[in-house]
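K.L.:
My structure is below; once you've seen it, I'll send some questions.
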Amino acid sequence: MNKSEVLALPSMPLQSPTYPHGPYRFFRRQYMVISYTTDAVAIREALPVPLEPAGDTVSVQWLDLPDGEGFGAYSATAQIIPCTFKGEPCNFVSQMYVDATPPLAGGREIWGYPMKFGEARLAVDSDTLTGTLEYATERIATGTMVYKHDAFRTDYSHEHELLMRTQVTLKLIPDIDGTPAIAQLVAVKFSDVAIKGAWSGRARLELIPAVNCPLADLPVHKVTGGLHMVTDMTLPYGKVLHDYLAK
Amino acid sequence: MTPEQILALPSMPAASPSYPMGPYRFINREFMVVTYETDRELLRQAVPEPLEPNAEGLVLYEWIRMPDSSGFGDYTESGVVIPCVLAGEAVNYTAQMYLDDEPPISAGREIWGFPKKYAHPKLEVCSDTLTGTLHYAGQLVAMGTMAYKHRVAPGGVEAQATAMARTSCNLKIIPDVDGSPKICQLVGYNLKDITVKGVWLSPARLQLVPHVNAPAADLPIKRIVGGRHFISDLTLPHGRVLFDYIKDRGGRTQ
């Protein structure tokens with residue numbers, strides 16, 4: 001393969017790139033978001049400066065992604081910390097667990113989504129919308145929510161605002177000598193968001209302490225509610241908000 | 001978390017870095033390597049310039065069992081290595097790698113550019129047969145079998161340790177957040193503190209099944225040369241840039 005073909009590759013490996021060039025369109029992307037109050041000091045420690053905390057409510061989310069262009073079918077669990085950057089409301093994605101390489105490698109390498117391999121599942125079990133996460137064979141998180149209790153709502157403006165909020169990630173890529181090559185806060189904004197349905201209702205959440213999957217480091221004080229959404233949306237490239245290596 | 005703490009992090013996520021700082025020590029790392037001859041033109045296409053593939057058209061298909069790896073844990077790997085030449089030096093180019101553990105996938109890709117994907121490789125002794133299999137996305141894509149410890153390799157453990165110290169190289173590609181290439185390099189590294197505990201040559205066979213996302217069979221088997229089985233302790237250190245594609249084009253590197 002010649003040098004210009006190498007430079008045109010979207011990703012490793014050369015013979016079968018893990019992910020193609022973006023942007024990436026998702027269809028029937030389903031969310032269960034469970035919000036809860038936690039320890040304000042733990043939030044401050046988990047947020048990279050210059051992000052500022054915005055209250056003491058965070059969330060653990062389950063995502064079922066049956067049709068992600070370039071990525072396939074997979075599931076994810078994420079922890080989200082609402083914050084501000086220079087006064088703008090943002091969501092810091094502090095942890096994320098997925099069960100497929102293309103979104104794992106693409107997520108880390110393009111945007112700095114902090115993905116690790118974990119087995120997430122979001123499904124309707126009898127009368128309960130149920131999210132589970134297993135990491136290294138152990139159950140780490142269990143979320144449950146009532147199923148479509150407010151079935152006839154048509155105003156999704158609140159959900160639209162939530163989904164359009166800027167997501168922020170901390171992208172860290174080492175150089176070959178082990179020194180940092182990339183250390184940036186990255187901003188990602190979904191585009192072409194279509195909400196197919198959204199439901200809110202009662203929810204419960206259990207997080208079990210685990211060193212390599214430390215969702216429980218932001219302990220659950222009180223669950224404030226659950227939000228269930230089905231959407232189509234596009235994940236575009238991002239932009240650098242802050243460069244820790246800039247001189 | 002302060003900028004100083006962030007710059008001292010070894011990896012994402014800040015809440016529990018996937019991998020610690022290197023180097024990385026491996027104990028009782030067990031290899032089964034089946035060498036075969038393939039199509040020279042296809043081999044040429046699989047190797048990035050300025051690397052040159054070996055003139056004999058040889059490919060190494062490997063399984064590696066790693067029960068005790070500092071920072072990474074217990075995992076298994078399988079993949080394709082192509083002996084190459086770079087500026088007159090013999091190097092081993094890693095073309096494909098499949099493994100069942102996230103920290104070495106992320107560290108491998110992000111530090112050295114190992115072309116790693118998540119899959120389910122297995123290496124075990126089944127009755128009289130050293131057996132390697134690789135399942136990708138639910139399908140069997142590779143099966144290697146080797147007779148068990150038929151004879152000690154000529155030169156023994158010392159010759160094997162010397163061979164393992166040869167430079168290995170990878171094509172490291174990391175995109176920028178806007179999708180343009182941020183890092184595009186040939187990267188080289190050398191294993192060190194290598195202790196080989198045994199090395200054996202035996203007859204071997206290999207079956208590769210065509211699969212679009214795990215395309216080992218894109219380098220078809222024309223002839224099996226043989227199997228090599230060895231066990232060693234070794235250290236994987238950081239490496240160095242051998243060739244920078246962005247700089248070569250006149251671009252600015254990070």
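Labels used: A, B, ... for chains in the order of the structure tokens, numbers from 1 for residues in each chain, and numbers from 1 for ligands as shown.
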Residues at most 12 Å from B:Ile27, counting only C-alpha atoms, excluding those fewer than 5 positions away in the same chain, as a PyMOL selection string?
P.N.:
chain B and resi 65-70+72-74+193-197+231-236
K.L.:
Create the file for the chosen residues now, containing N, CA and C atoms and written as a PDB file, in the first residue's frame.
P.N.:
ATOM      1  N   ARG B  65      -0.892 -16.973  24.287  1.00  0.00           N
ATOM      2  CA  ARG B  65      -1.607 -17.093  25.562  1.00  0.00           C
ATOM      3  C   ARG B  65      -0.829 -16.264  26.581  1.00  0.00           C
ATOM      4  N   MET B  66      -1.510 -15.314  27.263  1.00  0.00           N
ATOM      5  CA  MET B  66      -0.821 -14.422  28.200  1.00  0.00           C
ATOM      6  C   MET B  66      -1.507 -14.464  29.554  1.00  0.00           C
ATOM      7  N   PRO B  67      -1.149 -15.431  30.396  1.00  0.00           N
ATOM      8  CA  PRO B  67      -1.882 -15.611  31.647  1.00  0.00           C
ATOM      9  C   PRO B  67      -1.536 -14.578  32.719  1.00  0.00           C
ATOM     10  N   ASP B  68      -0.386 -13.869  32.572  1.00  0.00           N
ATOM     11  CA  ASP B  68       0.070 -12.994  33.654  1.00  0.00           C
ATOM     12  C   ASP B  68       0.790 -11.806  33.043  1.00  0.00           C
ATOM     13  N   SER B  69       0.032 -10.725  32.816  1.00  0.00           N
ATOM     14  CA  SER B  69       0.551  -9.569  32.090  1.00  0.00           C
ATOM     15  C   SER B  69       0.326  -8.333  32.935  1.00  0.00           C
ATOM     16  N   SER B  70       1.392  -7.653  33.331  1.00  0.00           N
ATOM     17  CA  SER B  70       1.236  -6.514  34.237  1.00  0.00           C
ATOM     18  C   SER B  70       0.397  -5.426  33.566  1.00  0.00           C
ATOM     19  N   PHE B  72      -2.436  -5.570  32.335  1.00  0.00           N
ATOM     20  CA  PHE B  72      -3.419  -6.059  31.368  1.00  0.00           C
ATOM     21  C   PHE B  72      -4.220  -7.255  31.874  1.00  0.00           C
ATOM     22  N   GLY B  73      -3.620  -8.072  32.734  1.00  0.00           N
ATOM     23  CA  GLY B  73      -4.344  -9.231  33.256  1.00  0.00           C
ATOM     24  C   GLY B  73      -4.045 -10.506  32.492  1.00  0.00           C
ATOM     25  N   ASP B  74      -5.099 -11.288  32.277  1.00  0.00           N
ATOM     26  CA  ASP B  74      -5.033 -12.647  31.715  1.00  0.00           C
ATOM     27  C   ASP B  74      -5.832 -12.638  30.419  1.00  0.00           C
ATOM     28  N   ASP B 193      14.554  -8.003  28.128  1.00  0.00           N
ATOM     29  CA  ASP B 193      14.572  -8.914  29.291  1.00  0.00           C
ATOM     30  C   ASP B 193      13.837 -10.214  28.968  1.00  0.00           C
ATOM     31  N   ILE B 194      14.230 -10.818  27.846  1.00  0.00           N
ATOM     32  CA  ILE B 194      13.548 -12.014  27.332  1.00  0.00           C
ATOM     33  C   ILE B 194      14.192 -13.264  27.931  1.00  0.00           C
ATOM     34  N   THR B 195      13.394 -14.082  28.577  1.00  0.00           N
ATOM     35  CA  THR B 195      13.841 -15.390  29.053  1.00  0.00           C
ATOM     36  C   THR B 195      12.972 -16.446  28.380  1.00  0.00           C
ATOM     37  N   VAL B 196      13.576 -17.249  27.507  1.00  0.00           N
ATOM     38  CA  VAL B 196      12.804 -18.297  26.839  1.00  0.00           C
ATOM     39  C   VAL B 196      12.910 -19.567  27.670  1.00  0.00           C
ATOM     40  N   LYS B 197      11.742 -20.178  27.951  1.00  0.00           N
ATOM     41  CA  LYS B 197      11.710 -21.355  28.832  1.00  0.00           C
ATOM     42  C   LYS B 197      11.631 -22.657  28.054  1.00  0.00           C
ATOM     43  N   ILE B 231       7.700 -20.663  24.963  1.00  0.00           N
ATOM     44  CA  ILE B 231       7.188 -20.047  26.189  1.00  0.00           C
ATOM     45  C   ILE B 231       8.270 -19.124  26.725  1.00  0.00           C
ATOM     46  N   SER B 232       7.872 -17.892  27.113  1.00  0.00           N
ATOM     47  CA  SER B 232       8.900 -16.965  27.585  1.00  0.00           C
ATOM     48  C   SER B 232       8.332 -15.946  28.561  1.00  0.00           C
ATOM     49  N   ASP B 233       9.234 -15.351  29.321  1.00  0.00           N
ATOM     50  CA  ASP B 233       8.950 -14.123  30.056  1.00  0.00           C
ATOM     51  C   ASP B 233       9.575 -12.995  29.232  1.00  0.00           C
ATOM     52  N   LEU B 234       8.926 -11.854  29.200  1.00  0.00           N
ATOM     53  CA  LEU B 234       9.495 -10.739  28.431  1.00  0.00           C
ATOM     54  C   LEU B 234       8.891  -9.427  28.892  1.00  0.00           C
ATOM     55  N   THR B 235       9.554  -8.332  28.476  1.00  0.00           N
ATOM     56  CA  THR B 235       9.076  -6.986  28.780  1.00  0.00           C
ATOM     57  C   THR B 235       8.782  -6.253  27.482  1.00  0.00           C
ATOM     58  N   LEU B 236       7.593  -5.630  27.430  1.00  0.00           N
ATOM     59  CA  LEU B 236       7.201  -4.797  26.284  1.00  0.00           C
ATOM     60  C   LEU B 236       7.394  -3.337  26.685  1.00  0.00           C
TER      61      LEU B 236
END
K.L.:
May I have the residues of chain B within 6 Å of chain A, counting only C-alpha atoms, written as a PyMOL selection string?
P.N.:
chain B and resi 1-2+11-13+16+45+47-49+102+110-112+115+117-118+173-178+213+238-240
K.L.:
Could you turn the residues from that selection into a file that holds C-alpha atoms, as a PDB file, in the first residue's frame?
P.N.:
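Output below, filename selection-v1.pdb:
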ATOM      1  CA  MET B   1      -9.145  17.195  38.642  1.00  0.00           C
ATOM      2  CA  THR B   2      -6.329  19.651  37.837  1.00  0.00           C
ATOM      3  CA  SER B  11      -4.974   6.682  29.698  1.00  0.00           C
ATOM      4  CA  MET B  12      -8.719   7.246  29.484  1.00  0.00           C
ATOM      5  CA  PRO B  13     -11.007   7.260  31.419  1.00  0.00           C
ATOM      6  CA  SER B  16     -10.213   4.447  36.064  1.00  0.00           C
ATOM      7  CA  GLN B  45      -0.671  -4.825  -0.999  1.00  0.00           C
ATOM      8  CA  VAL B  47       2.267  -3.974   3.662  1.00  0.00           C
ATOM      9  CA  PRO B  48       2.498  -0.163   3.937  1.00  0.00           C
ATOM     10  CA  GLU B  49       5.342   1.655   2.179  1.00  0.00           C
ATOM     11  CA  GLU B 102      -9.913  -4.253  26.505  1.00  0.00           C
ATOM     12  CA  GLU B 110      -3.103   4.023  21.361  1.00  0.00           C
ATOM     13  CA  ILE B 111       0.579   3.628  22.356  1.00  0.00           C
ATOM     14  CA  TRP B 112       2.145   1.416  19.649  1.00  0.00           C
ATOM     15  CA  PRO B 115      -4.027  -3.153  14.916  1.00  0.00           C
ATOM     16  CA  LYS B 117      -9.818  -5.791  17.519  1.00  0.00           C
ATOM     17  CA  TYR B 118     -11.994  -7.583  20.062  1.00  0.00           C
ATOM     18  CA  ILE B 173      -3.164   5.705  12.950  1.00  0.00           C
ATOM     19  CA  ILE B 174      -5.029   8.011  15.322  1.00  0.00           C
ATOM     20  CA  PRO B 175      -7.540  10.469  13.867  1.00  0.00           C
ATOM     21  CA  ASP B 176      -7.935  14.047  15.010  1.00  0.00           C
ATOM     22  CA  VAL B 177     -11.313  15.076  16.406  1.00  0.00           C
ATOM     23  CA  ASP B 178     -12.233  16.533  12.980  1.00  0.00           C
ATOM     24  CA  ASN B 213     -13.817  -7.787   9.486  1.00  0.00           C
ATOM     25  CA  HIS B 238       7.671   1.930  24.761  1.00  0.00           C
ATOM     26  CA  GLY B 239       9.027   2.416  21.256  1.00  0.00           C
ATOM     27  CA  ARG B 240      10.141   4.930  18.655  1.00  0.00           C
TER      28      ARG B 240
END
K.L.:
Interatomic distance between atom CA of B:Arg166 and atom CA of B:Glu89?
P.N.:
9.3 Å
K.L.:
Name all residues at most 6 Å from B:Val199 (count only C-alpha atoms; drop same-chain ones fewer than 2 positions away) and give them as a ChimeraX atom specification.
P.N.:
/B:152-153,229-230
K.L.:
So which residues of stretch 85-201 of chain A fall under strand (DSSP E) by DSSP, listed as JSON, numbers by chain?
P.N.:
{"A": [85, 88, 89, 90, 91, 92, 93, 94, 95, 96, 97, 98, 115, 116, 117, 119, 120, 121, 122, 123, 124, 125, 128, 129, 130, 131, 132, 133, 134, 135, 138, 139, 140, 141, 142, 143, 144, 145, 146, 166, 167, 168, 169, 170, 171, 172, 173, 174, 180, 181, 182, 183, 184, 185, 186, 187, 188, 191, 192, 193, 194, 195, 196, 197, 198, 199, 200, 201]}
K.L.:
Using the chain letters and numbers from this document, which residues of stretch 28-200 of chain A does DSSP assign to alpha helix (DSSP H), as a PyMOL selection string?
P.N.:
chain A and resi 40-46+101-106+157-164
K.L.:
Find the spatial neighbours of A:Ala198, counting only C-alpha atoms, within a cut-off of 9 Å - ignore same-chain residues fewer than 4 positions away - and output them as a list of chain:residue names.
P.N.:
A:Lys148, A:Asp150, A:Ala151, A:Arg153, A:Thr154, A:Asp155, A:Tyr156, A:Glu159, A:Leu227, A:His228, A:Met229, A:Val230, A:Thr231
K.L.:
Would you mind listing what lies within 10 Å of stretch 119-126 of chain A as a PyMOL selection string, with only C-alpha atoms counted and same-chain residues fewer than 6 positions away left out?
P.N.:
chain A and resi 30-32+61-65+74-78+97-100+132-147
K.L.:
Which residues are close to B:Pro220, i.e. within 8 Å by only C-alpha atoms, leaving aside same-chain residues fewer than 6 positions away? Reply as a list in words.
P.N.:
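Listed by chain and then number, they are Thr38, Asp39 and Leu208 of chain B.
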K.L.:
Restrict the selected residues to N, CA and C atoms and save them as an mmCIF file, in the first residue's frame.
P.N.:
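Saved as selection_23.cif:
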data_model
loop_
_atom_site.group_PDB
_atom_site.id
_atom_site.type_symbol
_atom_site.label_atom_id
_atom_site.label_comp_id
_atom_site.auth_asym_id
_atom_site.auth_seq_id
_atom_site.Cartn_x
_atom_site.Cartn_y
_atom_site.Cartn_z
ATOM 1 N N THR B 38 2.425 -17.348 1.066
ATOM 2 C CA THR B 38 1.225 -16.796 0.439
ATOM 3 C C THR B 38 1.566 -16.172 -0.907
ATOM 4 N N ASP B 39 0.567 -15.526 -1.483
ATOM 5 C CA ASP B 39 0.703 -14.843 -2.766
ATOM 6 C C ASP B 39 1.538 -13.563 -2.595
ATOM 7 N N LEU B 208 -7.845 -20.895 7.352
ATOM 8 C CA LEU B 208 -8.315 -19.511 7.479
ATOM 9 C C LEU B 208 -9.609 -19.372 6.682
#
K.L.:
Let me make sure I understand: among B:Pro104, B:Ala14, B:Thr162, B:Val157, which one has the smallest atom-to-atom distance to A:Phe92 if we use only C-alpha atoms?
P.N.:
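Of the candidates, the smallest distance to A:Phe92 is held by B:Ala14.
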K.L.:
From the list A:His160, A:Arg25, A:His242, A:Lys222, which residue is nearest A:Thr37 when using only C-alpha atoms?
P.N.:
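Among the listed residues, A:Lys222 lies closest to A:Thr37.
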K.L.:
I need the residue nearest B:Val187 from this list: B:Arg29, B:Lys149, B:His135, B:Arg109. Use only C-alpha atoms for the distance.
P.N.:
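Checking each candidate against B:Val187, we get B:Arg109 as the closest.
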K.L.:
Have a look at atom CA of A:Asp67 and atom CA of A:Phe27 and let me know their distance in Å, one decimal.
P.N.:
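Separation between atom CA of A:Asp67 and atom CA of A:Phe27: 5.4 Å.
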K.L.:
List the neighbours of A:Val193 out to 7 Å using only C-alpha atoms; skip same-chain residues closer than 6 positions along the sequence, and give me the result as an NGL selection string.
P.N.:
:A and (231-234)
